[in-house]
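Enquirer: Here it is: the structure, laid out below.
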Amino acid sequence: MDVAQLILAQLDPLDLVRFSRASKKCKSIYDQYVMVAFSHAKILEPFLERRWRIDRFVNMQIRTGLIVSGSAALQQLTRTTYPKSDLDCYVGSSTHSAVVNDAVWTLESFGYTERLRHVFSPDLPDDDTMRAFPDMATGGSLVLHTDAYGASNIDRVHHMIGPRGLVIQVIVPRYCVADAVFSFHSTCVMNILTASRLYCLYPRATLVDSVTITRGAAPNERTSRALAKYERRGFPSISVADAQSIQDCRGLTRRVGDGNCWVLKVRDDADTGETTRQIERNTWQLVRDLRDPLLPAFHFHHTTYRGHDALACVTMADNVMLNIALYPEQW
C-alpha cells in the first residue's frame, strides 16, 4: 500500500469524500482505496474464507438481487468489526422462490446447512414456540421457529450455519428488499451492499454525528435490546424530536443513491447494471400524517426485484421515521 492509501485509511468518511472532490487525481486515488478498503472481501472473508467463494457469492448477488444489510454493512462502512456478528442477507420476496433458493443453494455449496427457520404468517402464533419437521438433506430435524422477527413485512428467515459455527441469515421480505431496509428499528443500520456498490442512506447521522434516529413509537422489548446494542457500539439513539437539530428534509423525496447518500463503488459494475438500477429506483419521503399534524409519518416508494414488476411503484407508510438531509445533493 502506497503512502496515499495509508493516509486515506486514517481519514474519517466525510474527509474521504472531501478528498475525492479535490481533483481528478484525488478522485482516482480515492476510487482505488475504496475498492480495497470497502471490498466484499472485508465483510465476507470471515464467513466464506476463500476468494473463489466470495466471487461466487457476488455472482449470486448479480443473479438474484441479494443485498447485505444490517450490522454487516455498518461494519464495512465504519471499517470495524463486531465479534460474533451474523451476516444478514435480504433477497427476493414471498413470491420469488427461485431467487431465494438460488441464494440458499449457493451457501449450501460452501458447506452451510440450514438448522433454524423463522416463518411469519398470520396463520402461525406470534410467540416463541419451536416446531420441528424432517430435514430431507440430513435425515434429521429442521427447527421451525414461529417467533416474530419484529417486522410484519418479513416472510421468513433461513438461518444457515457454517462449518466454523458462523451464521448467515437469508431473510426473505414479504414484498421486496427495500421494504425490509426501511422497516429497520433505526437509521444506523439503513445501509445496503449490492454486487457492486455500498450505500449509506444516512451518512451524516451515522458516520459524522454517530447517532441513530429511532421510530417515534415507544420501542418494544426486542427493539430496546437492539438499540442498547448499537449504543454500546457507539451509536446512541435519539428520537425524532431530538433529531430536529440535524438538518431534516421534510417533504423532500429521497432516492437510494442520491446526493444525500454515501455511495461507494466497491466492484467493477459493468455486469451489474440491472441490479444497481433496481435498487436505485427506490425512493422515500417524510410527510405529515394528516391524522396528526404533529406526527411525522415516513412514506416511501419501493420496487420489487423483477424488472417488469419494478415499473409499478407502491407507496408505503410507516410511523415514525425521520428523513435527514445532509447538504443539497451532497454530504
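By order in the C-alpha cells, chains are A, B, ...; within a chain, residues start at 1; ligands start at 1, following the order shown.
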Could you name the residues that touch region 167-182 of chain A at 6 Å or less, counting only C-alpha atoms, but leaving out those on the same chain fewer than 6 positions away, as an MDAnalysis selection string?
Expert: chainID A and resid 86:91 93:94 153:161 190 304
Enquirer: For the residues in the current selection, export N, CA and C atoms as a PDB file, in the first residue's frame.
Expert:
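So selection07.pdb came out as:
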```pdb
ATOM      1  N   ASP A  86     -23.636 -11.800  12.989  1.00  0.00           N
ATOM      2  CA  ASP A  86     -24.125 -12.582  11.854  1.00  0.00           C
ATOM      3  C   ASP A  86     -24.023 -11.772  10.565  1.00  0.00           C
ATOM      4  N   LEU A  87     -24.172 -12.465   9.442  1.00  0.00           N
ATOM      5  CA  LEU A  87     -24.242 -11.808   8.142  1.00  0.00           C
ATOM      6  C   LEU A  87     -25.700 -11.841   7.702  1.00  0.00           C
ATOM      7  N   ASP A  88     -26.329 -10.675   7.610  1.00  0.00           N
ATOM      8  CA  ASP A  88     -27.742 -10.587   7.248  1.00  0.00           C
ATOM      9  C   ASP A  88     -27.883 -10.271   5.768  1.00  0.00           C
ATOM     10  N   CYS A  89     -28.519 -11.197   5.047  1.00  0.00           N
ATOM     11  CA  CYS A  89     -28.733 -11.045   3.617  1.00  0.00           C
ATOM     12  C   CYS A  89     -30.231 -10.985   3.343  1.00  0.00           C
ATOM     13  N   TYR A  90     -30.628 -10.099   2.450  1.00  0.00           N
ATOM     14  CA  TYR A  90     -32.034  -9.937   2.098  1.00  0.00           C
ATOM     15  C   TYR A  90     -32.183 -10.225   0.606  1.00  0.00           C
ATOM     16  N   VAL A  91     -33.157 -11.069   0.272  1.00  0.00           N
ATOM     17  CA  VAL A  91     -33.281 -11.469  -1.121  1.00  0.00           C
ATOM     18  C   VAL A  91     -34.730 -11.773  -1.463  1.00  0.00           C
ATOM     19  N   SER A  93     -38.657 -12.036  -2.473  1.00  0.00           N
ATOM     20  CA  SER A  93     -39.873 -11.728  -1.746  1.00  0.00           C
ATOM     21  C   SER A  93     -40.635 -13.025  -1.563  1.00  0.00           C
ATOM     22  N   SER A  94     -41.803 -12.958  -0.948  1.00  0.00           N
ATOM     23  CA  SER A  94     -42.588 -14.172  -0.696  1.00  0.00           C
ATOM     24  C   SER A  94     -43.013 -14.854  -1.989  1.00  0.00           C
ATOM     25  N   ASN A 153     -43.362  -7.255   7.705  1.00  0.00           N
ATOM     26  CA  ASN A 153     -43.098  -7.419   6.272  1.00  0.00           C
ATOM     27  C   ASN A 153     -42.012  -8.452   5.983  1.00  0.00           C
ATOM     28  N   ILE A 154     -41.649  -9.281   6.961  1.00  0.00           N
ATOM     29  CA  ILE A 154     -40.704 -10.377   6.734  1.00  0.00           C
ATOM     30  C   ILE A 154     -41.486 -11.665   6.543  1.00  0.00           C
ATOM     31  N   ASP A 155     -41.202 -12.367   5.469  1.00  0.00           N
ATOM     32  CA  ASP A 155     -41.902 -13.625   5.186  1.00  0.00           C
ATOM     33  C   ASP A 155     -41.266 -14.797   5.923  1.00  0.00           C
ATOM     34  N   ARG A 156     -39.932 -14.912   5.815  1.00  0.00           N
ATOM     35  CA  ARG A 156     -39.239 -15.995   6.517  1.00  0.00           C
ATOM     36  C   ARG A 156     -37.753 -15.685   6.589  1.00  0.00           C
ATOM     37  N   VAL A 157     -37.069 -16.398   7.464  1.00  0.00           N
ATOM     38  CA  VAL A 157     -35.627 -16.243   7.633  1.00  0.00           C
ATOM     39  C   VAL A 157     -34.992 -17.628   7.667  1.00  0.00           C
ATOM     40  N   HIS A 158     -34.033 -17.865   6.784  1.00  0.00           N
ATOM     41  CA  HIS A 158     -33.276 -19.116   6.764  1.00  0.00           C
ATOM     42  C   HIS A 158     -31.967 -18.890   7.520  1.00  0.00           C
ATOM     43  N   HIS A 159     -31.771 -19.599   8.619  1.00  0.00           N
ATOM     44  CA  HIS A 159     -30.546 -19.484   9.405  1.00  0.00           C
ATOM     45  C   HIS A 159     -29.564 -20.548   8.909  1.00  0.00           C
ATOM     46  N   MET A 160     -28.495 -20.100   8.268  1.00  0.00           N
ATOM     47  CA  MET A 160     -27.507 -21.005   7.694  1.00  0.00           C
ATOM     48  C   MET A 160     -26.277 -21.037   8.599  1.00  0.00           C
ATOM     49  N   ILE A 161     -25.919 -22.228   9.052  1.00  0.00           N
ATOM     50  CA  ILE A 161     -24.788 -22.407   9.959  1.00  0.00           C
ATOM     51  C   ILE A 161     -23.596 -22.930   9.177  1.00  0.00           C
ATOM     52  N   MET A 190     -29.466   1.353   8.230  1.00  0.00           N
ATOM     53  CA  MET A 190     -30.048   1.513   6.899  1.00  0.00           C
ATOM     54  C   MET A 190     -28.940   1.695   5.869  1.00  0.00           C
ATOM     55  N   THR A 304     -39.962  -3.939  -6.611  1.00  0.00           N
ATOM     56  CA  THR A 304     -39.640  -5.335  -6.386  1.00  0.00           C
ATOM     57  C   THR A 304     -38.491  -5.767  -7.267  1.00  0.00           C
TER      58      THR A 304
END
```
Enquirer: What lies within 9 Å of Ser85 (chain A) using only C-alpha atoms, ignoring chain neighbours under 3 positions off, as a PyMOL selection string?
Expert: chain A and resi 71-72+81-82+166-167
Enquirer: Quick one: residues within 8 Å of Val256 (chain A), only C-alpha atoms counted, chain neighbours fewer than 5 positions away excluded, as a PyMOL selection string?
Expert: chain A and resi 199+201+261+279-283
Enquirer: Write out as a PDB file with C-alpha atoms, in the first residue's frame all residues of region 4-224 of chain A that DSSP puts in helix (DSSP H, G or I) for this structure's backbone.
Expert:
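Output (part-v4.pdb):
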```
ATOM      1  CA  ALA A   4      -1.589   7.992  -0.189  1.00  0.00           C
ATOM      2  CA  GLN A   5      -3.551   4.857   0.653  1.00  0.00           C
ATOM      3  CA  LEU A   6      -2.105   4.810   4.171  1.00  0.00           C
ATOM      4  CA  ILE A   7      -3.174   8.418   4.660  1.00  0.00           C
ATOM      5  CA  LEU A   8      -6.695   7.740   3.396  1.00  0.00           C
ATOM      6  CA  PRO A  13     -15.740   9.311   5.924  1.00  0.00           C
ATOM      7  CA  LEU A  14     -16.540  12.996   5.451  1.00  0.00           C
ATOM      8  CA  ASP A  15     -12.857  13.837   4.892  1.00  0.00           C
ATOM      9  CA  LEU A  16     -12.632  10.958   2.417  1.00  0.00           C
ATOM     10  CA  VAL A  17     -15.468  12.487   0.420  1.00  0.00           C
ATOM     11  CA  ARG A  18     -13.843  15.917   0.546  1.00  0.00           C
ATOM     12  CA  PHE A  19     -10.536  14.439  -0.608  1.00  0.00           C
ATOM     13  CA  SER A  20     -12.237  12.744  -3.561  1.00  0.00           C
ATOM     14  CA  LYS A  24      -9.285  14.215 -10.738  1.00  0.00           C
ATOM     15  CA  LYS A  25      -6.071  12.727  -9.363  1.00  0.00           C
ATOM     16  CA  CYS A  26      -7.501  12.655  -5.838  1.00  0.00           C
ATOM     17  CA  LYS A  27     -10.681  11.026  -7.160  1.00  0.00           C
ATOM     18  CA  SER A  28      -8.610   8.306  -8.818  1.00  0.00           C
ATOM     19  CA  ILE A  29      -6.670   7.634  -5.594  1.00  0.00           C
ATOM     20  CA  TYR A  30      -9.941   7.624  -3.631  1.00  0.00           C
ATOM     21  CA  ASP A  31     -11.554   5.134  -6.042  1.00  0.00           C
ATOM     22  CA  GLN A  32      -8.594   2.770  -5.730  1.00  0.00           C
ATOM     23  CA  TYR A  33      -8.715   2.998  -1.944  1.00  0.00           C
ATOM     24  CA  VAL A  34     -12.471   2.309  -1.819  1.00  0.00           C
ATOM     25  CA  MET A  35     -12.097  -0.810  -3.981  1.00  0.00           C
ATOM     26  CA  VAL A  36      -9.713  -2.262  -1.388  1.00  0.00           C
ATOM     27  CA  ALA A  37     -10.844  -0.871   1.961  1.00  0.00           C
ATOM     28  CA  HIS A  40     -16.776  -7.501  -0.389  1.00  0.00           C
ATOM     29  CA  ALA A  41     -13.849  -9.489   0.977  1.00  0.00           C
ATOM     30  CA  LYS A  42     -13.650  -7.265   4.065  1.00  0.00           C
ATOM     31  CA  ILE A  43     -17.026  -8.451   5.323  1.00  0.00           C
ATOM     32  CA  LEU A  44     -17.403 -11.812   3.557  1.00  0.00           C
ATOM     33  CA  GLU A  45     -13.978 -13.351   4.194  1.00  0.00           C
ATOM     34  CA  PRO A  46     -14.703 -14.473   7.783  1.00  0.00           C
ATOM     35  CA  PHE A  47     -17.809 -16.306   6.531  1.00  0.00           C
ATOM     36  CA  LEU A  48     -16.605 -17.647   3.175  1.00  0.00           C
ATOM     37  CA  ARG A  51     -11.628 -15.841  -2.693  1.00  0.00           C
ATOM     38  CA  TRP A  52     -13.443 -18.110  -5.168  1.00  0.00           C
ATOM     39  CA  ARG A  53     -16.347 -18.425  -2.749  1.00  0.00           C
ATOM     40  CA  ILE A  54     -16.563 -14.654  -2.390  1.00  0.00           C
ATOM     41  CA  ASP A  55     -16.612 -14.322  -6.187  1.00  0.00           C
ATOM     42  CA  ARG A  56     -19.393 -16.927  -6.416  1.00  0.00           C
ATOM     43  CA  PHE A  57     -21.342 -15.112  -3.715  1.00  0.00           C
ATOM     44  CA  VAL A  58     -21.097 -11.816  -5.636  1.00  0.00           C
ATOM     45  CA  ASN A  59     -22.144 -13.567  -8.856  1.00  0.00           C
ATOM     46  CA  MET A  60     -25.156 -14.910  -6.955  1.00  0.00           C
ATOM     47  CA  GLN A  61     -25.935 -11.323  -5.889  1.00  0.00           C
ATOM     48  CA  ILE A  62     -25.936 -10.314  -9.556  1.00  0.00           C
ATOM     49  CA  ARG A  63     -28.356 -13.128 -10.433  1.00  0.00           C
ATOM     50  CA  THR A  64     -30.745 -12.671  -7.528  1.00  0.00           C
ATOM     51  CA  SER A  71     -24.743  -4.686  11.145  1.00  0.00           C
ATOM     52  CA  ALA A  72     -22.602  -6.281   8.432  1.00  0.00           C
ATOM     53  CA  ALA A  73     -22.918  -3.316   6.085  1.00  0.00           C
ATOM     54  CA  LEU A  74     -22.424  -0.953   9.030  1.00  0.00           C
ATOM     55  CA  GLN A  75     -19.150  -2.694   9.899  1.00  0.00           C
ATOM     56  CA  GLN A  76     -17.993  -2.278   6.329  1.00  0.00           C
ATOM     57  CA  LEU A  77     -18.797   1.444   6.338  1.00  0.00           C
ATOM     58  CA  THR A  78     -17.109   2.103   9.684  1.00  0.00           C
ATOM     59  CA  SER A  97     -38.912 -18.553  -4.500  1.00  0.00           C
ATOM     60  CA  ALA A  98     -36.436 -19.166  -7.337  1.00  0.00           C
ATOM     61  CA  VAL A  99     -34.042 -16.399  -6.309  1.00  0.00           C
ATOM     62  CA  VAL A 100     -34.343 -17.378  -2.644  1.00  0.00           C
ATOM     63  CA  ASN A 101     -33.495 -20.986  -3.473  1.00  0.00           C
ATOM     64  CA  ASP A 102     -30.524 -19.790  -5.542  1.00  0.00           C
ATOM     65  CA  ALA A 103     -29.151 -17.928  -2.514  1.00  0.00           C
ATOM     66  CA  VAL A 104     -29.689 -20.842  -0.128  1.00  0.00           C
ATOM     67  CA  TRP A 105     -28.200 -23.391  -2.521  1.00  0.00           C
ATOM     68  CA  THR A 106     -25.145 -21.205  -3.112  1.00  0.00           C
ATOM     69  CA  LEU A 107     -24.453 -21.105   0.636  1.00  0.00           C
ATOM     70  CA  GLU A 108     -25.049 -24.839   0.939  1.00  0.00           C
ATOM     71  CA  SER A 109     -22.385 -25.384  -1.723  1.00  0.00           C
ATOM     72  CA  VAL A 177     -35.620  -5.916  -0.021  1.00  0.00           C
ATOM     73  CA  ALA A 178     -36.047  -2.132   0.155  1.00  0.00           C
ATOM     74  CA  ASP A 179     -39.217  -2.562   2.178  1.00  0.00           C
ATOM     75  CA  ALA A 180     -37.250  -4.522   4.778  1.00  0.00           C
ATOM     76  CA  VAL A 181     -34.454  -1.933   4.976  1.00  0.00           C
ATOM     77  CA  THR A 187     -31.186   4.702  10.783  1.00  0.00           C
ATOM     78  CA  CYS A 188     -27.669   3.468  11.616  1.00  0.00           C
ATOM     79  CA  VAL A 189     -28.410   0.082  10.019  1.00  0.00           C
ATOM     80  CA  PRO A 203     -24.206   9.151   6.289  1.00  0.00           C
ATOM     81  CA  ARG A 204     -24.180  12.344   8.355  1.00  0.00           C
ATOM     82  CA  ALA A 205     -26.225  10.898  11.217  1.00  0.00           C
ATOM     83  CA  THR A 206     -24.394   7.553  11.136  1.00  0.00           C
ATOM     84  CA  LEU A 207     -20.812   8.392  10.211  1.00  0.00           C
ATOM     85  CA  VAL A 208     -20.389  12.012  11.280  1.00  0.00           C
ATOM     86  CA  GLU A 221     -38.524  -5.163  24.293  1.00  0.00           C
ATOM     87  CA  ARG A 222     -36.852  -6.562  21.176  1.00  0.00           C
ATOM     88  CA  THR A 223     -36.236  -3.113  19.701  1.00  0.00           C
ATOM     89  CA  SER A 224     -34.972  -1.791  23.036  1.00  0.00           C
TER      90      SER A 224
END
```
Enquirer: One number please: CA of Asp268 (chain A) to CA of Ser39 (chain A), in Å, one decimal.
Expert: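 We find that CA of Asp268 (chain A) and CA of Ser39 (chain A) lie 10.9 Å from each other.
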Enquirer: For region 226-242 of chain A, work out the shell of residues within 6 Å, counting only C-alpha atoms and skipping chain neighbours fewer than 6 positions away, then give it as a PyMOL selection string.
Expert: chain A and resi 210-214+322
Enquirer: To one decimal place in Å, what is the distance between CA of Leu198 (chain A) and CA of Phe38 (chain A)?
Expert: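 Taking CA of Leu198 (chain A) as the start and CA of Phe38 (chain A) as the end point, the length is 8.1 Å.
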